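Heads up, start37.cif below (mmCIF, C-alpha atoms and all ligand atoms):
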data_upload
#
loop_
_atom_site.label_atom_id
_atom_site.label_comp_id
_atom_site.auth_asym_id
_atom_site.auth_seq_id
_atom_site.Cartn_x
_atom_site.Cartn_y
_atom_site.Cartn_z
CA MET A 29 192.99 23.46 153.09
CA PRO A 30 191.06 22.27 150.01
CA GLY A 31 188.55 19.49 150.46
CA PRO A 32 189.42 16.01 149.38
CA SER A 33 187.70 15.63 146.05
CA PHE A 34 185.10 18.25 145.29
CA ILE A 35 184.82 20.99 142.76
CA THR A 36 182.73 23.98 143.69
CA ILE A 37 179.17 24.47 142.48
CA LYS A 38 180.35 27.47 140.54
CA GLU A 39 183.01 25.39 138.79
CA ALA A 40 180.47 22.70 138.04
CA HIS A 41 178.17 25.30 136.48
CA VAL A 42 181.00 26.68 134.40
CA GLU A 43 181.93 23.20 133.30
CA ARG A 44 178.35 22.38 132.39
CA ARG A 45 177.99 25.64 130.48
CA GLU A 46 181.28 25.02 128.63
CA CYS A 47 180.19 21.52 127.75
CA LEU A 48 176.88 22.75 126.40
CA LYS A 49 178.73 25.32 124.38
CA VAL A 50 181.36 22.98 123.05
CA ILE A 51 179.77 19.62 122.57
CA GLY A 52 176.07 20.33 122.63
CA ALA A 53 173.29 19.49 125.07
CA THR A 54 172.81 15.92 123.85
CA ALA A 55 176.24 14.92 125.15
CA VAL A 56 176.05 16.67 128.51
CA THR A 57 175.24 13.54 130.46
CA ALA A 58 178.66 12.19 129.47
CA ALA A 59 180.37 15.29 130.86
CA LEU A 60 179.80 14.78 134.55
CA PRO A 61 182.50 16.08 136.89
CA LEU A 62 185.66 14.06 137.19
CA GLU A 63 185.03 12.98 140.77
CA ALA A 64 181.86 11.29 139.63
CA THR A 65 183.96 9.50 137.05
CA LEU A 66 186.41 8.39 139.71
CA LYS A 67 183.60 6.97 141.79
CA GLY A 68 182.52 4.92 138.80
CA THR A 69 179.15 6.61 138.54
CA ALA A 70 179.62 7.92 135.05
CA ARG A 71 181.56 7.38 131.89
CA PRO A 72 184.77 9.40 131.57
CA ALA A 73 184.20 13.06 130.91
CA PRO A 74 185.23 13.65 127.31
CA GLY A 75 186.11 17.31 127.88
CA GLY A 76 188.37 18.76 125.24
CA PRO A 77 191.29 16.82 123.80
CA GLY A 78 194.40 16.68 125.95
CA SER A 79 197.66 18.03 124.62
CA ILE A 80 201.25 17.64 125.60
CA ARG A 81 204.17 20.04 125.35
CA THR A 82 207.80 19.37 126.18
CA GLU A 83 210.78 21.54 127.00
CA VAL A 84 214.38 20.84 127.97
CA LYS A 85 215.61 23.25 130.64
CA ARG A 86 219.22 23.78 131.64
CA LEU A 87 219.60 23.90 135.43
CA LYS A 88 222.78 25.58 136.64
CA LEU A 89 224.49 24.12 139.68
CA ARG A 90 225.51 26.43 142.49
CA HIS A 91 228.71 24.43 142.93
CA THR A 92 230.35 22.07 140.48
CA TRP A 93 228.65 18.78 141.33
CA THR A 94 230.98 15.80 141.63
CA THR A 95 230.19 12.22 142.55
CA THR A 96 232.01 9.01 141.68
CA MET A 97 230.11 9.07 138.38
CA SER A 98 230.61 12.54 136.96
CA SER A 99 231.40 16.19 137.48
CA SER A 100 229.19 18.90 136.03
CA GLU A 101 228.29 22.60 136.08
CA TYR A 102 224.70 22.12 134.88
CA ARG A 103 222.09 19.47 134.21
CA ASP A 104 219.45 19.38 131.48
CA THR A 105 216.09 18.04 132.60
CA LEU A 106 212.89 17.34 130.67
CA PHE A 107 209.70 19.27 131.43
CA VAL A 108 206.31 18.01 130.29
CA TYR A 109 203.13 20.10 130.28
CA TYR A 110 199.76 18.34 129.95
CA THR A 111 196.85 20.63 129.11
CA ARG A 112 193.18 19.81 129.02
CA ASP A 113 190.00 21.75 129.77
CA GLY A 114 191.91 24.92 130.61
CA LEU A 115 194.21 23.31 133.20
CA THR A 116 197.88 22.51 132.77
CA GLY A 117 199.80 19.96 134.80
CA VAL A 118 203.59 20.13 134.87
CA GLY A 119 206.07 17.31 135.31
CA GLU A 120 209.82 16.93 135.21
CA GLY A 121 212.25 14.08 134.77
CA ALA A 122 216.00 14.16 135.25
CA PRO A 123 217.62 11.75 132.78
CA ILE A 124 220.22 9.47 134.33
CA VAL A 125 223.36 9.03 132.23
CA ARG A 126 224.12 5.68 133.88
CA TYR A 127 221.00 4.30 132.21
CA ASN A 128 221.82 5.88 128.82
CA GLU A 129 219.19 8.57 129.10
CA ASP A 130 219.35 12.18 127.97
CA ALA A 131 216.78 14.96 127.98
CA VAL A 132 216.45 15.29 124.21
CA GLY A 133 215.96 11.54 123.78
CA GLY A 134 213.25 11.64 126.45
CA GLN A 135 211.65 14.63 124.79
CA LYS A 136 211.30 12.75 121.47
CA VAL A 137 209.60 9.88 123.27
CA VAL A 138 207.04 12.14 124.94
CA ASP A 139 206.37 14.08 121.73
CA GLY A 140 205.72 10.75 120.01
CA LEU A 141 202.86 10.03 122.43
CA ALA A 142 200.78 13.08 121.44
CA ASP A 143 198.06 10.83 120.00
CA LEU A 144 197.74 8.95 123.29
CA PHE A 145 197.42 12.14 125.35
CA ALA A 146 194.87 13.59 122.91
CA THR A 147 192.37 10.86 123.73
CA ALA A 148 193.41 9.34 127.10
CA ASP A 149 191.26 9.84 130.17
CA PRO A 150 193.58 11.29 132.85
CA ALA A 151 191.20 10.20 135.62
CA SER A 152 192.26 6.63 134.80
CA PHE A 153 195.85 7.57 135.47
CA ASP A 154 196.82 4.02 136.42
CA LYS A 155 195.61 2.74 133.06
CA LEU A 156 197.35 5.58 131.24
CA ASN A 157 200.57 4.82 133.13
CA ALA A 158 200.33 1.15 132.12
CA GLU A 159 199.81 2.09 128.49
CA ILE A 160 202.89 4.33 128.55
CA LEU A 161 204.91 1.50 130.12
CA ARG A 162 203.68 -0.82 127.39
CA ARG A 163 204.57 1.58 124.57
CA VAL A 164 207.91 2.94 125.77
CA GLU A 165 211.02 0.95 126.55
CA GLY A 166 213.35 2.56 129.10
CA GLN A 167 213.27 6.39 129.24
CA TRP A 168 212.26 6.37 132.90
CA ALA A 169 212.86 10.08 133.42
CA ALA A 170 210.51 10.87 130.54
CA LYS A 171 207.95 8.49 132.05
CA ALA A 172 208.34 10.28 135.38
CA ALA A 173 207.79 13.67 133.76
CA MET A 174 204.59 12.43 132.08
CA ASP A 175 203.22 10.79 135.23
CA ILE A 176 203.88 13.86 137.37
CA ALA A 177 202.20 16.15 134.80
CA ILE A 178 199.12 13.91 134.66
CA LEU A 179 198.82 13.67 138.44
CA ASP A 180 199.31 17.43 138.77
CA TRP A 181 196.45 17.88 136.33
CA VAL A 182 194.20 15.38 138.14
CA GLY A 183 194.93 16.97 141.51
CA GLN A 184 194.18 20.43 140.18
CA ARG A 185 190.99 19.16 138.57
CA LEU A 186 189.86 17.67 141.88
CA GLY A 187 191.09 20.60 143.97
CA THR A 188 193.27 18.15 145.93
CA PRO A 189 196.99 18.04 146.69
CA ILE A 190 198.59 14.88 145.29
CA HIS A 191 199.55 13.56 148.72
CA ARG A 192 195.87 13.53 149.63
CA LEU A 193 195.06 11.49 146.51
CA PHE A 194 197.34 8.87 148.09
CA GLY A 195 195.84 9.23 151.57
CA LEU A 196 198.95 10.76 153.14
CA ASP A 197 199.26 13.21 156.02
CA PRO A 198 201.78 16.00 155.29
CA ALA A 199 202.52 16.19 159.02
CA ASP A 200 204.31 12.83 158.61
CA ALA A 201 206.84 14.25 156.12
CA PRO A 202 210.38 13.50 157.33
CA LEU A 203 213.51 15.60 157.61
CA THR A 204 215.50 15.91 154.44
CA THR A 205 219.25 15.71 154.22
CA PHE A 206 221.29 18.29 152.36
CA SER A 207 223.90 16.76 150.04
CA ILE A 208 227.54 17.69 149.92
CA GLY A 209 229.22 16.68 146.64
CA ILE A 210 232.85 15.60 146.45
CA ASP A 211 235.22 18.56 146.57
CA THR A 212 238.41 19.93 148.07
CA PRO A 213 238.51 20.13 151.89
CA GLU A 214 238.24 23.92 151.70
CA ILE A 215 235.16 23.92 149.45
CA THR A 216 233.68 21.05 151.48
CA ARG A 217 233.93 23.16 154.65
CA GLN A 218 232.29 26.06 152.81
CA LYS A 219 229.44 23.84 151.59
CA VAL A 220 228.88 22.50 155.11
CA ARG A 221 228.64 26.05 156.47
CA GLU A 222 226.13 26.92 153.72
CA ALA A 223 224.07 23.91 154.84
CA GLU A 224 223.72 25.28 158.37
CA ALA A 225 219.90 25.11 158.25
CA TYR A 226 219.89 21.34 157.66
CA PRO A 227 220.17 19.10 160.71
CA VAL A 228 221.39 16.05 158.77
CA LEU A 229 223.92 16.04 155.93
CA LYS A 230 224.51 13.52 153.17
CA VAL A 231 228.10 13.38 152.03
CA LYS A 232 229.25 11.89 148.74
CA VAL A 233 232.20 9.54 149.14
CA GLY A 234 233.63 6.65 147.12
CA LEU A 235 236.89 8.17 145.91
CA ALA A 236 240.42 8.13 147.34
CA THR A 237 239.63 11.41 149.12
CA ASP A 238 237.03 9.96 151.50
CA GLU A 239 238.93 10.49 154.73
CA PRO A 240 239.95 14.12 154.04
CA THR A 241 236.36 14.80 152.94
CA ILE A 242 234.81 13.47 156.15
CA GLU A 243 237.48 15.14 158.27
CA ALA A 244 236.72 18.46 156.53
CA VAL A 245 233.02 18.02 157.30
CA ARG A 246 233.76 17.06 160.91
CA SER A 247 236.01 20.11 161.36
CA VAL A 248 232.90 22.28 160.88
CA THR A 249 229.97 20.30 162.27
CA LYS A 250 228.92 17.53 164.66
CA LYS A 251 225.64 16.85 162.82
CA PRO A 252 224.61 13.28 161.98
CA LEU A 253 225.93 12.26 158.58
CA ARG A 254 224.67 9.88 155.93
CA VAL A 255 227.08 8.91 153.20
CA ASP A 256 226.65 7.80 149.60
CA ALA A 257 229.45 5.91 147.89
CA ASN A 258 227.66 5.66 144.52
CA GLU A 259 229.20 2.20 143.89
CA GLY A 260 232.66 3.72 144.37
CA TRP A 261 234.29 0.92 146.38
CA THR A 262 234.98 -2.10 144.26
CA ASN A 263 235.96 -4.75 146.76
CA LYS A 264 234.18 -5.82 149.90
CA GLU A 265 237.21 -5.65 152.21
CA GLU A 266 237.88 -2.03 151.21
CA ALA A 267 234.19 -1.21 151.76
CA LEU A 268 234.27 -2.88 155.18
CA ARG A 269 237.35 -0.90 156.28
CA LYS A 270 235.82 2.37 155.06
CA ILE A 271 232.46 1.76 156.73
CA GLN A 272 234.03 0.72 160.03
CA TRP A 273 235.95 4.00 160.00
CA LEU A 274 232.82 5.96 159.02
CA GLU A 275 230.98 4.40 161.98
CA THR A 276 233.52 6.10 164.26
CA GLN A 277 232.72 9.44 162.57
CA GLY A 278 229.03 9.63 163.44
CA VAL A 279 227.81 8.26 160.12
CA GLU A 280 224.33 6.75 160.55
CA MET A 281 223.78 5.07 157.18
CA ILE A 282 225.57 4.23 153.95
CA GLU A 283 224.16 4.21 150.46
CA GLN A 284 225.35 1.88 147.68
CA PRO A 285 228.85 1.08 148.99
CA LEU A 286 229.53 -1.56 146.31
CA PRO A 287 228.52 -1.79 142.64
CA ALA A 288 224.89 -2.75 142.07
CA ALA A 289 225.84 -6.13 140.61
CA MET A 290 227.78 -7.16 143.75
CA LEU A 291 224.80 -8.51 145.62
CA GLU A 292 226.61 -11.41 147.33
CA GLU A 293 229.40 -9.11 148.48
CA THR A 294 226.89 -6.61 149.81
CA ARG A 295 225.23 -9.40 151.80
CA TRP A 296 228.68 -10.29 153.25
CA LEU A 297 229.27 -6.64 154.09
CA ARG A 298 225.90 -6.19 155.72
CA ASP A 299 226.69 -8.99 158.19
CA ARG A 300 229.80 -7.13 159.35
CA VAL A 301 228.76 -3.50 159.75
CA ASN A 302 226.54 -1.76 162.29
CA ILE A 303 224.91 0.91 160.16
CA PRO A 304 222.11 0.31 157.64
CA ILE A 305 223.07 -0.17 153.99
CA PHE A 306 220.72 1.31 151.40
CA ALA A 307 220.40 0.33 147.74
CA ASP A 308 220.22 3.10 145.17
CA GLU A 309 221.81 2.07 141.88
CA ALA A 310 220.78 -1.55 142.68
CA CYS A 311 217.13 -0.58 143.02
CA LEU A 312 215.56 0.90 139.93
CA HIS A 313 212.08 -0.59 139.77
CA ALA A 314 209.60 -2.48 141.90
CA ALA A 315 210.68 -5.83 140.44
CA ASP A 316 214.24 -5.27 141.73
CA ILE A 317 213.22 -5.08 145.36
CA PRO A 318 212.57 -8.70 146.44
CA LYS A 319 216.09 -9.86 145.54
CA LEU A 320 217.59 -6.99 147.57
CA ALA A 321 215.74 -7.77 150.76
CA ASP A 322 218.44 -9.86 152.45
CA ALA A 323 221.45 -7.87 151.17
CA TYR A 324 220.33 -4.36 152.05
CA ASP A 325 218.50 -2.74 154.94
CA GLY A 326 216.65 -0.23 152.80
CA VAL A 327 216.07 1.18 149.34
CA ASN A 328 216.38 4.66 147.88
CA VAL A 329 213.39 5.32 145.63
CA LYS A 330 213.75 8.06 143.03
CA LEU A 331 210.94 9.07 140.71
CA ASP A 332 213.39 9.45 137.82
CA LYS A 333 214.40 5.78 138.16
CA ALA A 334 210.93 4.48 138.98
CA GLY A 335 209.09 6.32 136.20
CA GLY A 336 207.02 8.70 138.32
CA ILE A 337 204.89 9.07 141.42
CA LEU A 338 202.66 6.06 140.84
CA GLN A 339 205.57 3.66 140.28
CA GLY A 340 207.49 5.22 143.17
CA TYR A 341 204.49 4.64 145.42
CA ARG A 342 204.40 0.98 144.43
CA MET A 343 208.12 0.62 145.15
CA ILE A 344 207.73 2.09 148.62
CA LEU A 345 204.83 -0.20 149.49
CA ILE A 346 206.65 -3.29 148.22
CA ALA A 347 209.83 -2.39 150.11
CA ARG A 348 207.87 -1.85 153.32
CA ALA A 349 206.05 -5.14 152.88
CA LEU A 350 209.44 -6.89 152.66
CA GLY A 351 210.62 -5.26 155.89
CA LEU A 352 212.99 -2.82 154.20
CA LYS A 353 213.44 0.76 155.26
CA THR A 354 212.54 3.34 152.66
CA MET A 355 214.06 6.54 151.44
CA LEU A 356 213.07 9.03 148.78
CA GLY A 357 215.90 10.55 146.82
CA CYS A 358 216.20 12.75 143.78
CA MET A 359 218.54 13.79 141.03
CA VAL A 360 219.73 17.34 140.47
CA SER A 361 216.42 18.80 139.34
CA SER A 362 214.02 21.69 139.84
CA SER A 363 211.27 22.09 142.42
CA VAL A 364 208.87 20.30 140.06
CA SER A 365 210.54 16.91 140.40
CA VAL A 366 211.52 17.42 144.04
CA THR A 367 208.01 18.50 145.03
CA ALA A 368 206.60 15.46 143.23
CA ALA A 369 208.80 13.17 145.32
CA ALA A 370 207.96 15.13 148.46
CA GLN A 371 204.27 14.36 147.87
CA LEU A 372 205.08 10.73 148.80
CA SER A 373 207.50 11.59 151.60
CA PRO A 374 205.04 11.01 154.48
CA LEU A 375 205.46 7.30 153.59
CA VAL A 376 209.22 7.00 154.01
CA ASP A 377 211.79 6.74 156.80
CA PHE A 378 214.38 9.01 155.19
CA ALA A 379 214.33 11.77 152.60
CA ASP A 380 217.13 13.18 150.53
CA LEU A 381 215.13 15.72 148.56
CA ASP A 382 217.46 18.60 147.94
CA GLY A 383 218.10 18.54 144.17
CA ASN A 384 216.34 21.90 143.78
CA LEU A 385 218.49 23.47 146.49
CA LEU A 386 221.65 22.64 144.56
CA ILE A 387 220.70 24.78 141.54
CA GLY A 388 220.78 28.56 141.12
CA ASN A 389 218.00 29.02 138.55
CA ASP A 390 215.05 26.99 139.82
CA PRO A 391 212.16 27.83 137.46
CA TYR A 392 209.51 26.76 140.02
CA GLN A 393 208.70 26.97 143.72
CA GLY A 394 206.99 24.17 145.60
CA VAL A 395 208.03 22.14 148.61
CA THR A 396 210.02 24.06 151.20
CA VAL A 397 212.18 23.03 154.14
CA LYS A 398 211.79 24.30 157.70
CA ASP A 399 214.34 23.23 160.31
CA GLY A 400 215.20 20.39 157.94
CA LYS A 401 211.60 19.13 157.69
CA LEU A 402 209.84 18.98 154.34
CA ILE A 403 206.82 21.29 154.21
CA LEU A 404 204.44 20.09 151.51
CA PRO A 405 202.36 22.56 149.51
CA THR A 406 198.66 22.49 150.38
CA THR A 407 197.50 23.79 147.01
CA PRO A 408 195.83 21.42 144.53
CA GLY A 409 197.86 19.05 142.39
CA LEU A 410 201.61 19.25 142.65
CA GLY A 411 201.42 22.67 144.28
CA VAL A 412 204.20 24.34 142.29
CA ARG A 413 204.20 27.74 140.68
CA PRO A 414 206.66 29.44 138.33
CA THR A 415 209.36 31.38 140.16
CA SER A 416 208.92 34.49 138.02
CA VAL A 417 205.21 34.92 138.85
MG MG B 1 222.64 7.57 145.78
#
For this file, produce the structure as structure tokens.
Ligand code: MG
Amino acid sequence: MPGPSFITIKEAHVERRECLKVIGATAVTAALPLEATLKGTARPAPGGPGSIRTEVKRLKLRHTWTTTMSSSEYRDTLFVYYTRDGLTGVGEGAPIVRYNEDAVGGQKVVDGLADLFATADPASFDKLNAEILRRVEGQWAAKAAMDIAILDWVGQRLGTPIHRLFGLDPADAPLTTFSIGIDTPEITRQKVREAEAYPVLKVKVGLATDEPTIEAVRSVTKKPLRVDANEGWTNKEEALRKIQWLETQGVEMIEQPLPAAMLEETRWLRDRVNIPIFADEACLHAADIPKLADAYDGVNVKLDKAGGILQGYRMILIARALGLKTMLGCMVSSSVSVTAAAQLSPLVDFADLDGNLLIGNDPYQGVTVKDGKLILPTTPGLGVRPTSV
């Protein structure tokens, strides 16, 4: 496993030689290795200018994906590539229609920040993140893609997996659920059989078909179930009836049973059910969490909502400090975004990181799953590589 924060002597010599070649011997003292910069012992290494490239990729779903919100055959996500000093970091964000985001809109935002990335010091990734937050309103998926690309670059530069930058032990990574979208009972049974390798399933509910859906799942498996209503029940009495029935079906938690705005009703519901209620659509950013603390038992953190790894990390720490349980979720996305979320997974109680498993043309490989447990890459940075290589 790579060391925590050291480049090799050979790399240092190469870097020094490149610096001498590029910027001249008089400036070499400003080009100390990045880890020295991080320790505050030197000014930021100027290196070459950073550059950013964007691409919208169309990810094809294995099955038509239906939730209470939409039904689709594919999803377009935004990829960001940050290149500097011969290294390229990759990031991805999955735009969320509910928040009026789309991949092309996000792409324009990132392309408009080329000047910032040309001069920014990636080692100060917190400062860079704050500057992006200051300049860009909304566009959280694009922010996530940028943050992931920068942290991938920093991790590669330091020879360190991202989870180690955050002091996390990959052995603590939790099980992940495998999600079953809303479908006919026949297709639902087929999806459950395909998910044989996953010890816990997450089933999408929230429509009139909830009971046939759960019965179809239960006709094939006895595994623990988690359910996600995606705000699909619109009155608290209906939600209470549904959850009390789900409790008899081996369901161990429920996500977003009522619309995000129905905080009072969710508090009422929480007092009457026995399984934990998690906020997803009600919990977008760190500032949302304190007001949720007495209405929900936990929060579902997604990098695409939060704006990346750094903001997701803050959300998890704030939720934990308030006594909430934590979960990492994802959108339908490739292994880039899912692996980025997995880098923080040793911190959380639950993981639902399967967006890459739902698509048939994943352009990258990264985190894997063994007996349901997330296995984090040990290679530097994000630890993803293109599928075709
Ligand atoms: Mg959800």
Name each residue within 7 Å of ligand MG 1 (chain B), counting all atoms listed in the file, as a list in words.
->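 I would give the residues around ligand MG 1 (chain B) as Asp256, Asn258, Glu283, Gln284, Asp308 and Glu309 of chain A.
With all atoms listed in the file as the basis for measurement, A:Gly78 is the residue among A:Leu179, A:Gly78, A:Pro240, A:Gly114 that approaches Asp143 in chain A most closely.
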Rounded to one decimal place, report the CA of Ser365 in chain A-CA of Asp332 in chain A distance in Å.
-> 8.4 Å
Got a sec: who's within 10 Å of Ala199 in chain A, counting all atoms listed in the file, leaving out chain neighbours fewer than 6 positions off, as a list in words?
->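 With the cut-off at 10 Å, the set is Pro374, Lys401, Leu402, Ile403 and Leu404 of chain A.
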So how far away is CA of Phe145 in chain A from CA of Leu410 in chain A, in Å?
->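 So the two atoms, CA of Leu410 in chain A and CA of Phe145 in chain A, lie 19.2 Å apart.
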A:Glu293, A:Asp390, A:Asp377, A:Glu239 ranked by distance to Leu203 in chain A, top pick (using only C-alpha atoms) =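 For Leu203 in chain A, the nearest of the candidates is A:Asp377.
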May I have the residues within 12 Å of Asn302 in chain A as a list in words, using only C-alpha atoms and disregarding those fewer than 4 positions away in the same chain?
->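 Counting only C-alpha atoms, the residues come to Leu268, Ile271, Gln272, Trp273, Leu274, Glu275, Thr276, Gly278, Val279, Glu280, Met281, Ile282, Leu297, Arg298 and Asp325 of chain A.
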Go ahead and dump the residues you just picked, C-alpha atoms, as a PDB file, in the coordinates of the input.
ATOM      1  CA  LEU A 268     234.270  -2.880 155.180  1.00  0.00           C
ATOM      2  CA  ILE A 271     232.460   1.760 156.730  1.00  0.00           C
ATOM      3  CA  GLN A 272     234.030   0.720 160.030  1.00  0.00           C
ATOM      4  CA  TRP A 273     235.950   4.000 160.000  1.00  0.00           C
ATOM      5  CA  LEU A 274     232.820   5.960 159.020  1.00  0.00           C
ATOM      6  CA  GLU A 275     230.980   4.400 161.980  1.00  0.00           C
ATOM      7  CA  THR A 276     233.520   6.100 164.260  1.00  0.00           C
ATOM      8  CA  GLY A 278     229.030   9.630 163.440  1.00  0.00           C
ATOM      9  CA  VAL A 279     227.810   8.260 160.120  1.00  0.00           C
ATOM     10  CA  GLU A 280     224.330   6.750 160.550  1.00  0.00           C
ATOM     11  CA  MET A 281     223.780   5.070 157.180  1.00  0.00           C
ATOM     12  CA  ILE A 282     225.570   4.230 153.950  1.00  0.00           C
ATOM     13  CA  LEU A 297     229.270  -6.640 154.090  1.00  0.00           C
ATOM     14  CA  ARG A 298     225.900  -6.190 155.720  1.00  0.00           C
ATOM     15  CA  ASP A 325     218.500  -2.740 154.940  1.00  0.00           C
TER      16      ASP A 325
END
Name the residues in contact with Met290 in chain A at a cut-off of 12 Å, using only C-alpha atoms, excluding same-chain residues fewer than 2 positions from it; report them as a list in words.
-> Glu259, Gly260, Trp261, Thr262, Asn263, Lys264, Ala267, Gln284, Pro285, Leu286, Pro287, Ala288, Glu292, Glu293, Thr294, Arg295, Trp296, Leu297, Ala307, Glu309, Ala310, Leu320, Ala323 and Tyr324 of chain A
What is the CA of Ala369 in chain A to CA of Val108 in chain A distance in Å?
->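 Computed distance, CA of Ala369 in chain A to CA of Val108 in chain A, equals 16.0 Å.
The closest residue to Trp93 in chain A, picked from A:Asn389, A:Ser207, A:Ser362, A:Ser247 and counting only C-alpha atoms, is A:Ser207.
Candidate residues A:Arg112, A:Arg254, A:Arg162, A:Arg217 were compared for distance to Arg185 in chain A, and the nearest is A:Arg112, using only C-alpha atoms.
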List the neighbours of Gln135 in chain A out to 7 Å using all atoms listed in the file; skip same-chain residues closer than 6 positions along the sequence, and give me the result as a list in words.
->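 Near neighbours after the sequence-gap exclusion: Thr82, Leu106 and Ala170 of chain A.
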Take range 118-139 of chain A, model N, CA and C atoms, and hand the result over as a PDB file, in the coordinates of the input.
ATOM      1  N   VAL A 118     202.172  20.113 135.241  1.00  0.00           N
ATOM      2  CA  VAL A 118     203.590  20.130 134.870  1.00  0.00           C
ATOM      3  C   VAL A 118     204.314  18.960 135.521  1.00  0.00           C
ATOM      4  N   GLY A 119     205.238  18.381 134.762  1.00  0.00           N
ATOM      5  CA  GLY A 119     206.070  17.310 135.310  1.00  0.00           C
ATOM      6  C   GLY A 119     207.503  17.491 134.857  1.00  0.00           C
ATOM      7  N   GLU A 120     208.399  16.832 135.556  1.00  0.00           N
ATOM      8  CA  GLU A 120     209.820  16.930 135.210  1.00  0.00           C
ATOM      9  C   GLU A 120     210.485  15.576 135.441  1.00  0.00           C
ATOM     10  N   GLY A 121     211.421  15.262 134.570  1.00  0.00           N
ATOM     11  CA  GLY A 121     212.250  14.080 134.770  1.00  0.00           C
ATOM     12  C   GLY A 121     213.698  14.434 134.530  1.00  0.00           C
ATOM     13  N   ALA A 122     214.558  13.923 135.399  1.00  0.00           N
ATOM     14  CA  ALA A 122     216.000  14.160 135.250  1.00  0.00           C
ATOM     15  C   ALA A 122     216.626  12.894 134.670  1.00  0.00           C
ATOM     16  N   PRO A 123     217.050  12.944 133.409  1.00  0.00           N
ATOM     17  CA  PRO A 123     217.620  11.750 132.780  1.00  0.00           C
ATOM     18  C   PRO A 123     218.883  11.304 133.518  1.00  0.00           C
ATOM     19  N   ILE A 124     219.071  10.003 133.612  1.00  0.00           N
ATOM     20  CA  ILE A 124     220.220   9.470 134.330  1.00  0.00           C
ATOM     21  C   ILE A 124     221.183   8.860 133.318  1.00  0.00           C
ATOM     22  N   VAL A 125     222.372   9.441 133.240  1.00  0.00           N
ATOM     23  CA  VAL A 125     223.360   9.030 132.230  1.00  0.00           C
ATOM     24  C   VAL A 125     223.712   7.555 132.393  1.00  0.00           C
ATOM     25  N   ARG A 126     223.773   7.086 133.635  1.00  0.00           N
ATOM     26  CA  ARG A 126     224.120   5.680 133.880  1.00  0.00           C
ATOM     27  C   ARG A 126     223.196   4.720 133.144  1.00  0.00           C
ATOM     28  N   TYR A 127     221.962   5.152 132.899  1.00  0.00           N
ATOM     29  CA  TYR A 127     221.000   4.300 132.210  1.00  0.00           C
ATOM     30  C   TYR A 127     220.790   4.748 130.754  1.00  0.00           C
ATOM     31  N   ASN A 128     221.815   5.448 130.225  1.00  0.00           N
ATOM     32  CA  ASN A 128     221.820   5.880 128.820  1.00  0.00           C
ATOM     33  C   ASN A 128     220.645   6.783 128.470  1.00  0.00           C
ATOM     34  N   GLU A 129     220.287   7.646 129.384  1.00  0.00           N
ATOM     35  CA  GLU A 129     219.190   8.570 129.100  1.00  0.00           C
ATOM     36  C   GLU A 129     219.734   9.996 128.914  1.00  0.00           C
ATOM     37  N   ASP A 130     219.067  10.744 128.053  1.00  0.00           N
ATOM     38  CA  ASP A 130     219.350  12.180 127.970  1.00  0.00           C
ATOM     39  C   ASP A 130     218.036  12.899 127.711  1.00  0.00           C
ATOM     40  N   ALA A 131     218.044  14.210 127.996  1.00  0.00           N
ATOM     41  CA  ALA A 131     216.780  14.960 127.980  1.00  0.00           C
ATOM     42  C   ALA A 131     216.161  15.015 126.591  1.00  0.00           C
ATOM     43  N   VAL A 132     216.996  15.173 125.570  1.00  0.00           N
ATOM     44  CA  VAL A 132     216.450  15.290 124.210  1.00  0.00           C
ATOM     45  C   VAL A 132     215.850  13.949 123.757  1.00  0.00           C
ATOM     46  N   GLY A 133     216.513  12.858 124.108  1.00  0.00           N
ATOM     47  CA  GLY A 133     215.960  11.540 123.780  1.00  0.00           C
ATOM     48  C   GLY A 133     214.612  11.333 124.454  1.00  0.00           C
ATOM     49  N   GLY A 134     214.513  11.749 125.721  1.00  0.00           N
ATOM     50  CA  GLY A 134     213.250  11.640 126.450  1.00  0.00           C
ATOM     51  C   GLY A 134     212.171  12.515 125.834  1.00  0.00           C
ATOM     52  N   GLN A 135     212.585  13.695 125.401  1.00  0.00           N
ATOM     53  CA  GLN A 135     211.650  14.630 124.790  1.00  0.00           C
ATOM     54  C   GLN A 135     211.010  14.020 123.537  1.00  0.00           C
ATOM     55  N   LYS A 136     211.830  13.365 122.707  1.00  0.00           N
ATOM     56  CA  LYS A 136     211.300  12.750 121.470  1.00  0.00           C
ATOM     57  C   LYS A 136     210.263  11.680 121.808  1.00  0.00           C
ATOM     58  N   VAL A 137     210.537  10.932 122.864  1.00  0.00           N
ATOM     59  CA  VAL A 137     209.600   9.880 123.270  1.00  0.00           C
ATOM     60  C   VAL A 137     208.254  10.484 123.673  1.00  0.00           C
ATOM     61  N   VAL A 138     208.293  11.531 124.480  1.00  0.00           N
ATOM     62  CA  VAL A 138     207.040  12.140 124.940  1.00  0.00           C
ATOM     63  C   VAL A 138     206.293  12.755 123.752  1.00  0.00           C
ATOM     64  N   ASP A 139     207.016  13.469 122.895  1.00  0.00           N
ATOM     65  CA  ASP A 139     206.370  14.080 121.730  1.00  0.00           C
ATOM     66  C   ASP A 139     205.701  13.023 120.853  1.00  0.00           C
TER      67      ASP A 139
END
